[in-house]
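Okay, structure first, notes after.
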Amino acid sequence: MSTAPALDPVHTALLVMDYQPAILALLSQHGDCDALLGRVEGAIADVRANGGTIAYVRVGFTEADWDAIPATNKSFGPLAQHRVMHHEDPAAAIHERLAPQNGDIIVRKIRYGGISTTDLDQQLRERGITTLVVSGISTSGVVLSTVIDAADRDYQLYVLSDGVADPDPEVHDVLLHQVFPSRAHIIDTAELHTLLRAG
């Protein structure tokens, strides 16, 4: 039985972050992408059915974005140098199984976090969202950056333990069990289903 508080769907958004073909490809040797997509698909359907908000975050660059990234940026410098993840590239699109619908929030980011280079925080606040349920790839990238940022902005946070994944299983485990619990409730998609109905 979960000790996490029930969710009020009206004030809740599910973040679906970096579920893009190019990023899912990084996981292919480490887990079952099909099962992962299925669980997130189910979470999206659950939150929708209960009247919650779905917010999609994806990474994608324009020529100007690449040009503005300094070579000293260890993570993004090489991406800019090799012109990787152009925002119009199909590999940078949201995975077709998780396709957005009218009324969903969709933002494009150019760094790790879902909030720092987007207007996501503003869009969530305009809708009265105070609680975030976080899913994304990777646990050590977008999930870590967004959880820390969102916690500092006083959102109530839930991390979907079976809706996040990382190419490094050890790092994934340390974050889920030792880092995130001080900032978020750790739940799985089955608990999400229950908590939405208890709200």
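To be explicit about the labels: the chains of the structure tokens are called A, B, and onward in the order shown, and within each one the residues are counted from 1, while ligands get numbers from 1 in the order they are shown.
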Please identify all polymer residues within 12 Å of stretch 97-106 of chain A, counting only C-alpha atoms, omitting same-chain residues fewer than 6 positions from it, and present them as a ChimeraX atom specification.
/A:13-21,33-45,47-48,51-59,114-115,118-127,129
According to DSSP computed on the backbone, where in stretch 2-179 of chain A is there helix (DSSP H, G or I)? Give the residues as a ChimeraX atom specification.
/A:9-11,21-27,33-49,63-68,77-81,90-92,96-98,120-126,139-152,169-179
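Among the candidates A:Thr117, A:Thr131, A:Ser182, A:Ser161, the residue lying nearest to A:Ile148 is A:Ser182 (atoms considered: only C-alpha atoms).
Taking only stretch 60-156 of chain A, the residues that DSSP calls strand (DSSP E or B) from the backbone come to Phe61, His86, Ile105, Ile106, Val107, Arg108, Lys109, Thr131, Leu132, Val133, Val134, Ser135, Gly136, Ile137 and Gln156 of chain A.
Non-sequential neighbours of A:Val147 (distance at most 10 Å, separation of 6 or more positions within a chain, only C-alpha atoms) are Gly113, Gly114, Ile115, Leu132, Val133, Val134, Thr139, Arg153, Tyr155, Leu157, Tyr158, Val159, Phe180, Arg183 and Ala184 of chain A.
Closest approach to A:Ile69 among A:Arg197, A:His185, A:His95, A:Arg111 is made by A:Arg111 (distances from only C-alpha atoms).
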Closest to A:His11 among A:Thr130, A:Ile110, A:Val164, A:Gly141, using only C-alpha atoms?
A:Thr130
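Checking A:Val143, A:Ile137, A:Ala4, A:Ala80 one by one against A:Asp188, counting only C-alpha atoms, you find the shortest gap at A:Ala4.
Counting only C-alpha atoms and comparing A:Thr3, A:Ser116, A:Ser140, A:Ser135, the residue that lies closest to A:Asp173 is A:Ser140.
Distance annotation: of A:Asp162, A:Glu96, A:Ala25, A:Asp65, the residue with the minimal separation from A:Gln81 is A:Asp65; atom set is only C-alpha atoms.
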Expressed in Å to a single decimal, how great is the separation between atom CA of A:Leu196 and atom CA of A:Pro5?
9.8 Å
